[in-house]
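Source file: entry-v2.txt. Holds: compact mmCIF, C-alpha atoms.
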```
# COMPACT_ATOMS: atom_id res chain seq x y z
CA PRO W 1 0.00 0.00 0.00
CA VAL W 2 1.10 3.57 -0.64
CA LYS W 3 2.22 5.38 2.48
CA SER W 4 3.40 8.91 3.12
CA LYS W 5 5.68 10.52 5.63
CA VAL W 6 2.95 12.56 7.32
CA ALA W 7 3.84 12.90 10.99
CA SER W 8 0.45 12.29 12.55
CA LYS W 9 -2.42 10.08 11.51
CA PRO W 10 -5.63 11.98 10.61
CA VAL W 11 -8.70 11.17 12.65
CA LYS W 12 -11.33 9.29 10.65
CA ARG W 13 -14.78 10.72 10.22
CA LYS W 14 -17.82 8.74 11.24
CA VAL W 15 -18.83 7.75 7.72
CA THR W 16 -19.72 4.15 6.89
CA ASN W 17 -20.81 3.90 3.25
CA GLY W 18 -21.02 6.06 0.15
CA ASP W 19 -18.86 8.62 -1.61
CA VAL W 20 -16.36 10.64 0.40
CA GLU W 21 -13.83 13.38 -0.20
CA ASN W 22 -10.51 13.69 1.64
CA PHE W 23 -11.41 10.82 3.94
CA PRO W 24 -8.47 10.09 6.30
CA TRP W 25 -7.00 6.71 5.45
CA ASP W 26 -3.61 5.06 6.01
CA TYR W 27 -1.82 8.29 7.02
CA ALA W 28 -3.19 9.99 3.89
CA TYR W 29 -6.49 11.15 2.36
CA TYR W 30 -8.89 9.12 0.25
CA THR W 31 -11.50 10.41 -2.21
CA GLY W 32 -13.93 7.90 -3.67
CA THR W 33 -16.33 5.19 -2.54
CA ILE W 34 -16.21 3.50 0.85
CA LYS W 35 -17.94 0.52 2.40
CA ASN W 36 -17.90 -0.25 6.11
CA SER W 37 -15.63 2.78 6.55
CA LYS W 38 -13.00 1.38 4.18
CA PRO W 39 -12.11 2.27 0.58
CA ASP W 40 -14.17 -0.04 -1.61
CA GLY W 41 -14.80 0.79 -5.26
CA TYR W 42 -13.05 3.45 -7.31
CA GLY W 43 -11.00 6.13 -5.61
CA LYS W 44 -7.65 7.82 -5.16
CA LEU W 45 -5.29 8.21 -2.24
CA CYS W 46 -3.49 11.54 -1.82
CA ARG W 47 -0.74 12.58 0.54
CA ASN W 48 -2.50 15.88 1.10
CA PRO W 49 -6.14 16.75 0.41
CA GLY W 50 -6.66 17.08 -3.34
CA SER W 51 -2.99 16.80 -4.35
CA GLN W 52 0.02 14.46 -4.62
CA VAL W 53 -1.74 11.29 -5.73
CA GLY W 54 -0.12 8.03 -4.62
CA TYR W 55 -2.66 5.60 -6.05
CA GLU W 56 -5.76 5.89 -8.18
CA GLY W 57 -7.95 2.94 -9.09
CA TYR W 58 -10.08 0.23 -7.56
CA TRP W 59 -10.20 -0.95 -3.96
CA VAL W 60 -11.73 -3.87 -2.08
CA ASP W 61 -12.04 -3.86 1.71
CA GLY W 62 -9.45 -1.12 2.12
CA LYS W 63 -6.79 -2.56 -0.19
CA GLN W 64 -5.85 -1.80 -3.78
CA THR W 65 -7.53 -4.60 -5.74
CA GLY W 66 -8.46 -4.49 -9.43
CA THR W 67 -7.02 -2.09 -11.99
CA GLY W 68 -5.20 1.04 -10.92
CA THR W 69 -2.11 3.23 -11.15
CA GLN W 70 0.54 3.70 -8.49
CA TYR W 71 2.97 6.63 -8.51
CA TYR W 72 6.49 7.21 -7.28
CA TYR W 73 6.75 9.66 -4.39
CA TRP W 74 3.14 10.70 -4.44
CA GLY W 75 2.51 11.79 -7.99
CA GLU W 76 5.97 12.46 -9.36
CA THR W 77 5.92 9.77 -12.07
CA ILE W 78 4.03 6.54 -12.74
CA GLU W 79 5.54 3.46 -11.12
CA TYR W 80 2.99 0.83 -12.15
CA THR W 81 -0.31 0.71 -13.97
CA GLY W 82 -2.36 -2.47 -14.28
CA GLU W 83 -3.90 -5.08 -12.03
CA PHE W 84 -3.54 -5.23 -8.24
CA ASN W 85 -4.48 -7.73 -5.57
CA GLU W 86 -4.56 -6.69 -1.91
CA GLY W 87 -2.12 -3.85 -2.48
CA ARG W 88 0.37 -5.78 -4.63
CA PHE W 89 1.08 -5.80 -8.35
CA HIS W 90 -0.74 -8.92 -9.48
CA GLY W 91 -1.94 -9.74 -12.99
CA HIS W 92 -1.19 -7.88 -16.20
CA GLY W 93 0.47 -4.49 -16.00
CA LYS W 94 3.29 -2.09 -16.85
CA TRP W 95 6.13 -1.24 -14.48
CA TYR W 96 8.38 1.79 -15.04
CA PRO W 97 11.80 2.20 -13.39
CA TYR W 98 12.28 5.40 -11.46
CA LYS W 99 15.51 6.94 -12.78
CA HIS W 100 18.99 6.06 -14.01
CA SER W 101 18.00 2.90 -15.85
CA THR W 102 18.58 1.56 -19.37
CA LEU W 103 15.08 0.06 -19.18
CA LYS W 104 12.03 1.96 -20.44
CA TYR W 105 9.40 -0.36 -18.95
CA HIS W 106 8.25 -3.96 -18.42
CA GLU W 107 4.86 -5.02 -19.73
CA GLY W 108 3.52 -8.43 -18.82
CA GLU W 109 2.51 -10.63 -15.92
CA PHE W 110 3.08 -9.83 -12.26
CA TRP W 111 2.61 -12.14 -9.29
CA ASP W 112 2.37 -11.10 -5.66
CA GLY W 113 4.27 -7.88 -6.27
CA GLY W 114 6.97 -9.21 -8.59
CA TYR W 115 7.47 -9.18 -12.34
CA VAL W 116 7.28 -12.72 -13.81
CA SER W 117 7.36 -12.57 -17.60
CA GLY W 118 6.48 -10.43 -20.59
CA THR W 119 8.11 -7.86 -22.85
CA SER W 120 10.81 -5.43 -21.76
CA TYR W 121 11.49 -2.25 -23.71
CA PHE W 122 14.87 -0.50 -23.45
CA LEU W 123 15.69 3.14 -24.03
CA ASN W 124 18.08 2.27 -26.88
CA GLY W 125 15.28 0.54 -28.84
CA ASP W 126 16.14 -3.06 -27.93
CA VAL W 127 13.29 -5.38 -26.90
CA TYR W 128 13.45 -8.55 -24.80
CA LYS W 129 10.58 -11.02 -24.51
CA GLY W 130 10.58 -13.86 -22.01
CA PRO W 131 10.90 -14.75 -18.31
CA ALA W 132 11.95 -12.02 -15.87
CA ASP W 133 14.73 -14.26 -14.54
CA TYR W 134 16.75 -13.00 -17.51
CA PHE W 135 17.38 -9.86 -15.44
CA ASN W 136 18.49 -12.04 -12.51
CA ARG W 137 21.16 -13.50 -14.83
CA LYS W 138 19.60 -16.97 -14.65
CA ALA W 139 19.28 -19.55 -17.46
CA VAL W 140 16.13 -18.83 -19.49
CA LYS W 141 14.69 -19.14 -22.98
CA GLY W 142 13.54 -15.95 -24.65
CA ALA W 143 13.77 -13.65 -27.64
CA TYR W 144 15.72 -10.43 -28.14
CA THR W 145 15.30 -7.88 -30.91
CA PHE W 146 18.12 -5.37 -31.36
CA SER W 147 17.55 -1.78 -32.39
CA ASN W 148 19.59 -2.36 -35.57
CA GLY W 149 17.09 -4.96 -36.82
CA ASP W 150 18.96 -8.13 -35.81
CA SER W 151 17.16 -10.64 -33.61
CA TYR W 152 17.88 -13.72 -31.50
CA SER W 153 15.70 -16.50 -30.14
CA GLY W 154 17.05 -19.12 -27.79
CA GLU W 155 18.85 -19.64 -24.51
CA PHE W 156 20.32 -16.95 -22.25
CA THR W 157 22.50 -17.04 -19.15
CA GLY W 158 23.91 -14.00 -17.40
CA CYS W 159 21.94 -11.66 -19.69
CA LYS W 160 23.94 -13.00 -22.66
CA MET W 161 23.31 -15.43 -25.50
CA ASN W 162 24.52 -18.72 -24.04
CA GLY W 163 23.42 -22.14 -25.29
CA ALA W 164 21.39 -23.09 -28.34
CA GLY W 165 19.63 -20.47 -30.39
CA TYR W 166 18.82 -18.78 -33.69
CA TYR W 167 20.32 -15.48 -34.78
CA TYR W 168 18.88 -13.47 -37.67
CA TRP W 169 20.67 -10.52 -39.20
CA LYS W 170 18.71 -7.56 -40.50
CA ALA W 171 17.34 -8.24 -43.98
CA THR W 172 19.10 -6.63 -46.94
CA ASN W 173 18.36 -6.38 -50.66
CA THR W 174 19.86 -9.85 -51.20
CA GLY W 175 18.07 -11.52 -48.29
CA ARG W 176 18.79 -12.30 -44.68
CA MET W 177 21.64 -14.18 -43.00
CA GLU W 178 20.74 -16.74 -40.36
CA TYR W 179 22.71 -18.78 -37.85
CA GLN W 180 21.41 -21.87 -36.09
CA GLY W 181 23.62 -23.35 -33.40
CA PHE W 182 25.38 -22.69 -30.13
CA PHE W 183 26.52 -19.47 -28.48
CA LYS W 184 28.86 -18.48 -25.70
CA ASP W 185 28.86 -15.00 -24.20
CA ASN W 186 27.05 -13.46 -27.19
CA ALA W 187 29.32 -15.09 -29.78
CA MET W 188 28.79 -18.06 -32.12
CA GLU W 189 30.73 -20.91 -30.55
CA GLY W 190 30.30 -24.65 -31.09
CA GLU W 191 28.39 -26.63 -33.69
CA GLY W 192 26.21 -24.57 -36.00
CA ARG W 193 24.83 -23.78 -39.42
CA LEU W 194 25.23 -20.44 -41.15
CA PHE W 195 22.88 -19.56 -43.99
CA PHE W 196 23.67 -16.57 -46.16
CA PRO W 197 21.98 -15.20 -49.27
CA VAL W 198 23.63 -14.92 -52.68
CA SER W 199 22.91 -11.95 -54.91
CA GLY W 200 20.63 -12.86 -57.82
CA GLN W 201 19.73 -16.29 -56.41
CA LYS W 202 16.67 -17.40 -54.49
CA GLN W 203 18.49 -20.14 -52.59
CA THR W 204 20.90 -19.46 -49.76
CA LYS W 205 24.32 -20.96 -49.21
CA LEU W 206 24.99 -23.08 -46.18
CA TYR W 207 28.09 -23.43 -44.06
CA TYR W 208 28.06 -26.21 -41.50
CA GLY W 209 30.79 -26.73 -38.98
CA PHE W 210 32.18 -25.62 -35.64
CA PHE W 211 32.51 -21.99 -34.73
CA LYS W 212 34.86 -20.42 -32.25
CA LYS W 213 35.25 -16.86 -31.05
CA LEU W 214 38.59 -15.38 -32.05
```
As C-alpha cells, what does this structure read like?
Amino acid sequence: PVKSKVASKPVKRKVTNGDVENFPWDYAYYTGTIKNSKPDGYGKLCRNPGSQVGYEGYWVDGKQTGTGTQYYYWGETIEYTGEFNEGRFHGHGKWYPYKHSTLKYHEGEFWDGGYVSGTSYFLNGDVYKGPADYFNRKAVKGAYTFSNGDSYSGEFTGCKMNGAGYYYWKATNTGRMEYQGFFKDNAMEGEGRLFFPVSGQKQTKLYYGFFKKL
C-alpha cells in the first residue's frame, strides 16, 4: 500500500458507506467510494487533500484490488499501472523504473508484487521477450530484438546469449543471413549452421561446422 511521511495520523470521520472526499485513510487522504468505513470501489489516495496522488484505481475492503495506477513519491511519475491484488502488483500491467535505468518499462505478468514474464522495452530501442529471470542472470529461454534490426531466439544465461539459439541478421536487398547453433557469451561458438543469401539467387548458401570466437 502507498504510504506517506505525514507525521500524525488523521482522525477518521464517522462515515460508513457512500462517496467521500478527503477521507483520512492510512496516514493519507482518500477520495472515492467507501464501504464499512473502508475504501471499496473506485477512488484515489493523496498525501494531502486534493494533491500528490499516490494511487488511483479500484479498492476492495481497504486494499488496492483491481485495476489502478501507483505513482512514485506521491505523484511524481508513474511506477505501475495495471492489475492489483490486496495492495500488490498482481496480474497484467506495466512497471516503469524510477531513474537512471537503461530500461524503459516492463509489460507483462506480475505475481504477488513481482514481475514474472512479458516484454521489456529498453531506451536504446532493444526489446526482450521472455521470463523475468533473464534480469536475474539466470538460465532462461527468450527472444531479443536489437535496435539495428537483428534478432535472437534461444537460450540466455547471465543476460547473454549462451546455449542453443537462432540469430537473424537484418534483412538486406539480397536476403537475410541466419545462424542456427550454439553461443557463448554473445558469440557463435560450437556446432552450427550459417545460412547466407547470394545476390541474384533465391536459394541461400549453407556453411556447417564448428565456430569459435577469435
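Each of W:Tyr166, W:Tyr134, W:Phe210, W:Tyr128 was checked against Glu178 in chain W using all atoms listed in the file; the smallest atom-to-atom distance is that of W:Tyr166.
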Test item: residues at most 7 Å from range 37-48 of chain W, all atoms listed in the file, excluding those fewer than 4 positions along its chain, as a PyMOL selection string
chain W and resi 4+15-17+28-33+52-62+74
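Of the listed residues (W:Lys94, W:Lys138, W:Lys184, W:Lys129), W:Lys129 comes nearest to Ser151 in chain W; the distances count all atoms listed in the file.
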So which residues touch Ser199 in chain W within 7 Å, counting all atoms listed in the file, skipping near sequence neighbours fewer than 2 positions away, as an MDAnalysis selection string?
chainID W and resid 174 197 201
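Interatomic distance, CA of Gly91 in chain W against CA of Gly118 in chain W: 11.4 Å.
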Take the point (11.9, -7.3, -21.3) as written in the file and pick out every residue within 8 Å of it, counting all atoms listed in the file; give the list as a ChimeraX atom specification.
/W:105-107,117-122,127-130,132
Residue nearest Asp112 in chain W among W:Gly125, W:Pro131, W:Gly209, W:Gly87 (counting all atoms listed in the file):
W:Gly87
Nearby residues (all atoms listed in the file) at most 8 Å from Gly190 in chain W, same-chain spacing under 4 positions excluded, as a ChimeraX atom specification:
/W:181-183,210-212
Report, in Å to a single decimal, how far apart CA of Trp111 in chain W and CA of Met161 in chain W are.
26.5 Å
Tyr98 in chain W proximity check over W:Glu76, W:Val116, W:Ala171, W:Pro49, using all atoms listed in the file: winner is W:Glu76
From (13.5, -16.1, -24.1), in the file's coordinates, out to 6 Å: which residues are reached, counting only C-alpha atoms? Answer as a PDB file with C-alpha atoms, in the coordinates of the input.
```
ATOM      1  CA  LYS W 129      10.580 -11.020 -24.510  1.00  0.00           C
ATOM      2  CA  GLY W 130      10.580 -13.860 -22.010  1.00  0.00           C
ATOM      3  CA  VAL W 140      16.130 -18.830 -19.490  1.00  0.00           C
ATOM      4  CA  LYS W 141      14.690 -19.140 -22.980  1.00  0.00           C
ATOM      5  CA  GLY W 142      13.540 -15.950 -24.650  1.00  0.00           C
ATOM      6  CA  ALA W 143      13.770 -13.650 -27.640  1.00  0.00           C
ATOM      7  CA  GLY W 154      17.050 -19.120 -27.790  1.00  0.00           C
TER       8      GLY W 154
END
```
Could you state the separation of CA of Arg88 in chain W and CA of Thr65 in chain W in Å, given to one decimal place?
8.1 Å
Minimum-distance residue to Phe110 in chain W, chosen among W:Asp26, W:Glu83, W:Asp126, W:Glu189 (using all atoms listed in the file):
W:Glu83
Residue with the minimum atom-to-atom distance to Gly75 in chain W, picked from W:Thr172, W:Ser51, W:Ser153, W:Asn186 with only C-alpha atoms counted, is W:Ser51
Range 29-44 of chain W dumped to file, N, CA, C and O atoms, as a compact mmCIF listing (two decimals), in the first residue's frame:
```txt
# COMPACT_ATOMS: atom_id res chain seq x y z
N TYR W 29 -5.11 10.73 2.56
CA TYR W 29 -6.49 11.15 2.36
C TYR W 29 -7.08 10.47 1.12
O TYR W 29 -6.48 10.48 0.04
N TYR W 30 -8.24 9.91 1.30
CA TYR W 30 -8.89 9.12 0.25
C TYR W 30 -10.15 9.84 -0.26
O TYR W 30 -10.95 10.35 0.53
N THR W 31 -10.29 9.86 -1.58
CA THR W 31 -11.50 10.41 -2.21
C THR W 31 -12.07 9.34 -3.13
O THR W 31 -11.38 8.86 -4.04
N GLY W 32 -13.31 8.95 -2.87
CA GLY W 32 -13.93 7.90 -3.67
C GLY W 32 -15.06 7.23 -2.91
O GLY W 32 -15.72 7.86 -2.08
N THR W 33 -15.25 5.95 -3.16
CA THR W 33 -16.33 5.19 -2.54
C THR W 33 -15.81 4.36 -1.38
O THR W 33 -14.73 3.77 -1.47
N ILE W 34 -16.58 4.33 -0.29
CA ILE W 34 -16.21 3.50 0.85
C ILE W 34 -17.35 2.55 1.20
O ILE W 34 -18.51 2.77 0.84
N LYS W 35 -16.98 1.50 1.90
CA LYS W 35 -17.94 0.52 2.40
C LYS W 35 -17.44 0.04 3.75
O LYS W 35 -16.27 -0.34 3.88
N ASN W 36 -18.30 0.10 4.74
CA ASN W 36 -17.90 -0.25 6.11
C ASN W 36 -16.68 0.56 6.55
O ASN W 36 -15.75 0.03 7.18
N SER W 37 -16.68 1.83 6.17
CA SER W 37 -15.63 2.78 6.55
C SER W 37 -14.26 2.44 5.98
O SER W 37 -13.23 2.84 6.52
N LYS W 38 -14.26 1.71 4.86
CA LYS W 38 -13.00 1.38 4.18
C LYS W 38 -13.14 1.69 2.70
O LYS W 38 -14.22 1.54 2.14
N PRO W 39 -12.06 2.09 2.03
CA PRO W 39 -12.11 2.27 0.58
C PRO W 39 -12.59 0.99 -0.10
O PRO W 39 -12.04 -0.09 0.14
N ASP W 40 -13.59 1.12 -0.93
CA ASP W 40 -14.17 -0.04 -1.61
C ASP W 40 -14.89 0.46 -2.86
O ASP W 40 -15.96 1.06 -2.75
N GLY W 41 -14.29 0.22 -4.01
CA GLY W 41 -14.80 0.79 -5.26
C GLY W 41 -13.69 1.62 -5.89
O GLY W 41 -12.51 1.36 -5.67
N TYR W 42 -14.06 2.63 -6.65
CA TYR W 42 -13.05 3.45 -7.31
C TYR W 42 -12.72 4.66 -6.46
O TYR W 42 -13.60 5.32 -5.91
N GLY W 43 -11.41 4.96 -6.36
CA GLY W 43 -11.00 6.13 -5.61
C GLY W 43 -9.52 6.38 -5.72
O GLY W 43 -8.78 5.61 -6.33
N LYS W 44 -9.07 7.48 -5.13
CA LYS W 44 -7.65 7.82 -5.16
C LYS W 44 -7.18 8.21 -3.77
O LYS W 44 -7.92 8.76 -2.97
```
